[in-house]
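J.: Below is the structure I would like to discuss, written out as structure tokens.
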Amino acid sequence: MKKRVLISLIGLLLLISKPFVAQNLKGNWTWIGPKKVPEQTMGLVAALWVDTTNLNFILAGSAAGGLWQCENAQSELPRWKNISDSYDSICTGVFGIAVKPGTQNKTIYIGTKTATKDIIKPYGIGILKTENAGKSWTRVGPQKNIVIDCIKMCPDNPMVMIATSGKELFITKDDWKTYKTISLPTENADPMYQTVDIEFAPYSDKIVYIGTRSDKNKMADLFITKDLGENFESISHGLRSERYEIAVIRHQKFKDKFYIAYGYAEAHIQFFDGKKWSGNLNALPIQQTFGGPYWTFDFAVNEVDTTIMYVAMTEVSKSTDGGKTFDRVAYYNNHNTHADTRDFFLVKSTAGGKEDILFLANDGGISQSDNGVTGSDKWKNVNGYGFGITQFWG
């Protein structure tokens with residue numbers, strides 16, 4: 001009896017002394033549910049892309065579970081599938097999506113990053129590209145395991161792209177056949193400093209606006225480069241802000257002009273007319289329940305009618321008077337919306353905002369507004385069936 005006990009203890013010690021190795025479990029798996037969740041409480045979506053010519057087609061990047069695709073988003077029960085699991089490597093989140101025009105949404109670039117609050121150090125495997133809608137993926141750009149915070153394709157020249165990791169920019173002019181690495185000219189020592197928004201100026205593949213975030217002394221940076229990263233100019237103009245979000249209008253009369261949203265704990269809007277700043281357009285700051293720009297912040301201006309603007313932190317606020325005042329149109333943890341908007345996509349801009357359509361990516365999945373973004377009870381839950389994203393931020 002003593003020998004058997006001794007042998008068992010030795011076996012147990014040998015077992016627990018072995019390092020844990022994650023296994024790649026092969027085989028056929030079938031999603032069994034839940035097939036429909038009554039509220040918008042699925043999991044964190046960090047990046048969103050919607051085909052503006054076909055609102056049935058959506059790509060969603062999850063916090064830790066890869067890239068997901070839906071092709072019937074306007075149906076009563078949208079169906080989702082993961083299209084990044086074909087890449088034979090560690091599972092990772094997706095915090096940036098770019099789609100090459102003219103490829104029937106088959107050529108896709110994703111910036112990989114897994115990040116959870118206070119649990120693990122963020123990690124990623126760089127930039128991945130597919131030319132066959134996710135059947136296979138290749139790594140492009142930096143050939144190393146790094147997080148990608150943001151990726152942007154130039155609307156006027158899809159060969160030009162910028163991806164970011166912390167203070168570093170990776171810039172290509174030839175679809176990642178070659179690229180250069182540039183560090184942002186900042187003295188900010190915040191280890192969490194990162195680029196959060198990249199916008200190409202209309203009708204240019206060289207002029208780029210770059211917004212960053214930092215909670216160190218509330219001093220994020222706002223930059224412009226007019227030669228695709230060869231030189232930078234700080235245009236923060238003394239503002240105290242945790243984060244900058246940028247909105248450009250793709251119309252000739254707005255060629256050198258743009259809007260910004262900025263702030264900490266609350267948000268303000270300003271306009272740059274090509275020569276000078278407007279000062280705050282909104283006399284009263286935009287406040288949202290438990291909201292703060294550092295963690296969750298996005299901003300869009302209607303490209304047909306610039307009197308219509310949208311700001312999201314934990315809720316969504318809408319202006320119909322050019323940013324002077326804002327009213328809430330999506331509330332904190334409402335039935336078909338969820339707090340903490342990580343990304344949003346204004347897919348339809350109309351006169352007076354009467355038929356605008358806005359998609360939200362947040363900690364509960366994806367929500368879609370009705371035509372006109374008219375109120376907190378007018379949102380649709382797009383999570384549907386098969387959207388297996390159960391990773392949250394904390």
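Each chain in the structure tokens gets a letter, A, B and so on, in the order shown; residues start at 1 in every chain, and ligands are counted from 1 in the order they appear.
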Write out as a PyMOL selection string all residues of range 129-278 of chain A that backbone DSSP assigns to strand (DSSP E).
T.: chain A and resi 129-130+138-140+150-154+157-165+168-172+180-183+194-200+208-213+222-225+233-234+243-247+258-264+266-272
J.: Write out as a PyMOL selection string which residues come within 9 Å of range 208-212 of chain A when counting only C-alpha atoms, dropping same-chain ones fewer than 4 positions away.
T.: chain A and resi 167+193-201+204+220-229+242-246
J.: Restricting the calculation to only C-alpha atoms, which member of A:Lys81, A:Tyr294, A:Ala73, A:Lys206 is positioned closest to Thr30 in chain A?
T.: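 When distances to Thr30 in chain A are compared using only C-alpha atoms, the smallest one comes from A:Lys81.
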J.: Choose the residue, out of A:Trp277, A:Tyr332, A:Phe271, A:Trp29, that has the smallest atom-to-atom separation from Phe254 in chain A; count only C-alpha atoms.
T.: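 Closest to Phe254 in chain A of all the choices is A:Phe271.
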J.: For a quick check of understanding, using only C-alpha atoms, which of A:Ile127, A:Leu77, A:Leu44, A:Ile97 has the smallest distance to Asn381 in chain A?
T.: A:Leu77
J.: Which residues of range 212-288 of chain A have any atom within 7 Å of an atom in range 316-328 of chain A when counting only C-alpha atoms, and what is the closest pair of atoms for each, with the distance in Å to one decimal? Order the rows by chain and rising number and write it as a tab-separated table.
T.:
```
residue	atom	partner	partner_atom	distance
A:Ile269	CA	A:Gly323	CA	6.7
A:Leu281	CA	A:Lys324	CA	5.3
A:Asn282	CA	A:Lys324	CA	4.2
A:Ala283	CA	A:Lys324	CA	6.5
A:Ile286	CA	A:Phe326	CA	6.9
```
J.: Atoms to include: N, CA, C and O atoms. Write the selected residues as a compact mmCIF listing (two decimals), in the first residue's frame.
T.:
```txt
# COMPACT_ATOMS: atom_id res chain seq x y z
N ILE A 269 -15.55 69.58 -29.70
CA ILE A 269 -15.36 69.51 -31.14
C ILE A 269 -14.71 70.81 -31.63
O ILE A 269 -15.10 71.90 -31.19
N LEU A 281 -16.59 74.23 -30.78
CA LEU A 281 -17.89 74.48 -31.40
C LEU A 281 -19.01 74.32 -30.39
O LEU A 281 -20.01 75.03 -30.45
N ASN A 282 -18.85 73.36 -29.48
CA ASN A 282 -19.88 73.11 -28.47
C ASN A 282 -19.56 73.88 -27.19
O ASN A 282 -18.52 73.67 -26.57
N ALA A 283 -20.48 74.77 -26.80
CA ALA A 283 -20.27 75.56 -25.58
C ALA A 283 -20.29 74.68 -24.35
O ALA A 283 -19.52 74.88 -23.40
N ILE A 286 -19.57 67.48 -24.16
CA ILE A 286 -20.35 66.25 -24.36
C ILE A 286 -20.03 65.30 -23.21
O ILE A 286 -18.88 64.90 -23.03
```
J.: What is the distance between CA of Thr114 in chain A and CA of Cys70 in chain A, in Å to one decimal?
T.: 21.6 Å
J.: Calculate how many Å separate CA of Asn362 in chain A from CA of Ala63 in chain A, rounding to one decimal.
T.: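 According to the coordinates, CA of Asn362 in chain A and CA of Ala63 in chain A are separated by 10.3 Å.
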J.: Using only C-alpha atoms, which residues sit within 12 Å of Tyr179 in chain A once same-chain residues fewer than 6 positions away are excluded, as an NGL selection string?
T.: :A and (140-143 or 159-163 or 169-173 or 228-229)
J.: How many Å lie between CA of Ile58 in chain A and CA of Ile366 in chain A, rounded to one decimal?
T.: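 Straight-line distance from CA of Ile58 in chain A to CA of Ile366 in chain A works out to 9.9 Å.
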J.: Quick one: residues within 8 Å of Ser86 in chain A, only C-alpha atoms, excluding same-chain residues fewer than 2 positions away - as a list in words?
T.: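 The contact residues come out as Ile83, Ser84, Asp88, Gly134, Lys135, Ser136 and Trp137 of chain A.
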J.: Write out as a ChimeraX atom specification each polymer residue whose atoms come within 8 Å of Gly96 in chain A, counting only C-alpha atoms; drop sequence neighbours fewer than 3 positions from it.
T.: /A:46-48,61,110-112,148-152
J.: Create the file for the chosen residues now, containing N, CA and C atoms and written as a PDB file, in the first residue's frame.
T.:
```
ATOM      1  N   ALA A  46     -13.674  45.049 -31.415  1.00  0.00           N
ATOM      2  CA  ALA A  46     -12.672  46.111 -31.371  1.00  0.00           C
ATOM      3  C   ALA A  46     -12.549  46.870 -32.685  1.00  0.00           C
ATOM      4  N   ALA A  47     -12.971  46.266 -33.805  1.00  0.00           N
ATOM      5  CA  ALA A  47     -12.850  46.909 -35.111  1.00  0.00           C
ATOM      6  C   ALA A  47     -14.028  46.504 -35.978  1.00  0.00           C
ATOM      7  N   LEU A  48     -14.420  47.415 -36.881  1.00  0.00           N
ATOM      8  CA  LEU A  48     -15.623  47.192 -37.678  1.00  0.00           C
ATOM      9  C   LEU A  48     -15.419  47.731 -39.087  1.00  0.00           C
ATOM     10  N   GLY A  61     -13.796  42.651 -35.984  1.00  0.00           N
ATOM     11  CA  GLY A  61     -12.621  42.146 -35.279  1.00  0.00           C
ATOM     12  C   GLY A  61     -12.917  42.019 -33.797  1.00  0.00           C
ATOM     13  N   ILE A 110      -5.698  42.820 -41.846  1.00  0.00           N
ATOM     14  CA  ILE A 110      -6.079  42.987 -40.445  1.00  0.00           C
ATOM     15  C   ILE A 110      -4.849  43.281 -39.594  1.00  0.00           C
ATOM     16  N   GLY A 111      -5.035  44.193 -38.648  1.00  0.00           N
ATOM     17  CA  GLY A 111      -4.008  44.459 -37.657  1.00  0.00           C
ATOM     18  C   GLY A 111      -4.314  43.643 -36.415  1.00  0.00           C
ATOM     19  N   THR A 112      -3.406  42.771 -36.032  1.00  0.00           N
ATOM     20  CA  THR A 112      -3.675  41.828 -34.945  1.00  0.00           C
ATOM     21  C   THR A 112      -3.221  42.378 -33.597  1.00  0.00           C
ATOM     22  N   ILE A 148      -0.655  45.508 -33.495  1.00  0.00           N
ATOM     23  CA  ILE A 148      -0.995  46.566 -34.438  1.00  0.00           C
ATOM     24  C   ILE A 148      -2.207  47.294 -33.870  1.00  0.00           C
ATOM     25  N   ASP A 149      -2.013  48.555 -33.537  1.00  0.00           N
ATOM     26  CA  ASP A 149      -3.079  49.350 -32.933  1.00  0.00           C
ATOM     27  C   ASP A 149      -4.063  49.873 -33.968  1.00  0.00           C
ATOM     28  N   CYS A 150      -3.577  50.132 -35.176  1.00  0.00           N
ATOM     29  CA  CYS A 150      -4.404  50.810 -36.171  1.00  0.00           C
ATOM     30  C   CYS A 150      -3.864  50.487 -37.557  1.00  0.00           C
ATOM     31  N   ILE A 151      -4.738  50.337 -38.552  1.00  0.00           N
ATOM     32  CA  ILE A 151      -4.315  50.168 -39.940  1.00  0.00           C
ATOM     33  C   ILE A 151      -5.271  50.946 -40.827  1.00  0.00           C
ATOM     34  N   LYS A 152      -4.715  51.668 -41.821  1.00  0.00           N
ATOM     35  CA  LYS A 152      -5.528  52.516 -42.680  1.00  0.00           C
ATOM     36  C   LYS A 152      -5.031  52.437 -44.113  1.00  0.00           C
TER      37      LYS A 152
END
```
J.: List the spatial neighbours of Ile90 in chain A as a PyMOL selection string - criterion: any atom at most 9 Å away, only C-alpha atoms, same-chain residues fewer than 2 positions off excluded.
T.: chain A and resi 87-88+92+124-125
J.: Generate a file of the selected residues that holds all heavy atoms, formatted as a CSV table (one decimal), in the first residue's frame.
T.:
```
chain,number,residue,atom,x,y,z
A,87,TYR,N,-5.5,30.8,-40.5
A,87,TYR,CA,-4.1,31.1,-40.3
A,87,TYR,C,-3.6,30.2,-39.2
A,87,TYR,O,-4.1,30.3,-38.0
A,87,TYR,CB,-4.0,32.6,-39.9
A,87,TYR,CG,-2.5,33.0,-39.9
A,87,TYR,CD1,-1.8,33.2,-41.0
A,87,TYR,CD2,-1.9,33.3,-38.7
A,87,TYR,CE1,-0.4,33.5,-41.0
A,87,TYR,CE2,-0.5,33.6,-38.6
A,87,TYR,CZ,0.2,33.8,-39.8
A,87,TYR,OH,1.5,34.1,-39.8
A,88,ASP,N,-2.6,29.5,-39.5
A,88,ASP,CA,-2.1,28.4,-38.5
A,88,ASP,C,-1.1,29.1,-37.5
A,88,ASP,O,0.1,29.0,-37.7
A,88,ASP,CB,-1.4,27.3,-39.3
A,88,ASP,CG,-1.0,26.1,-38.4
A,88,ASP,OD1,-1.6,26.0,-37.3
A,88,ASP,OD2,-0.2,25.3,-38.8
A,92,THR,N,-5.6,35.4,-32.0
A,92,THR,CA,-5.3,36.8,-31.6
A,92,THR,C,-6.5,37.6,-31.9
A,92,THR,O,-7.4,37.2,-32.7
A,92,THR,CB,-4.1,37.3,-32.4
A,92,THR,OG1,-3.8,38.7,-31.9
A,92,THR,CG2,-4.3,37.3,-33.9
A,124,GLY,N,0.4,40.4,-30.4
A,124,GLY,CA,-0.1,40.3,-31.7
A,124,GLY,C,0.9,39.7,-32.6
A,124,GLY,O,2.0,39.4,-32.2
A,125,ILE,N,0.5,39.4,-33.8
A,125,ILE,CA,1.3,38.8,-34.8
A,125,ILE,C,1.5,39.6,-36.1
A,125,ILE,O,1.7,39.1,-37.2
A,125,ILE,CB,0.8,37.3,-35.2
A,125,ILE,CG1,-0.7,37.4,-35.6
A,125,ILE,CG2,1.0,36.4,-34.0
A,125,ILE,CD1,-1.2,36.0,-36.0
```
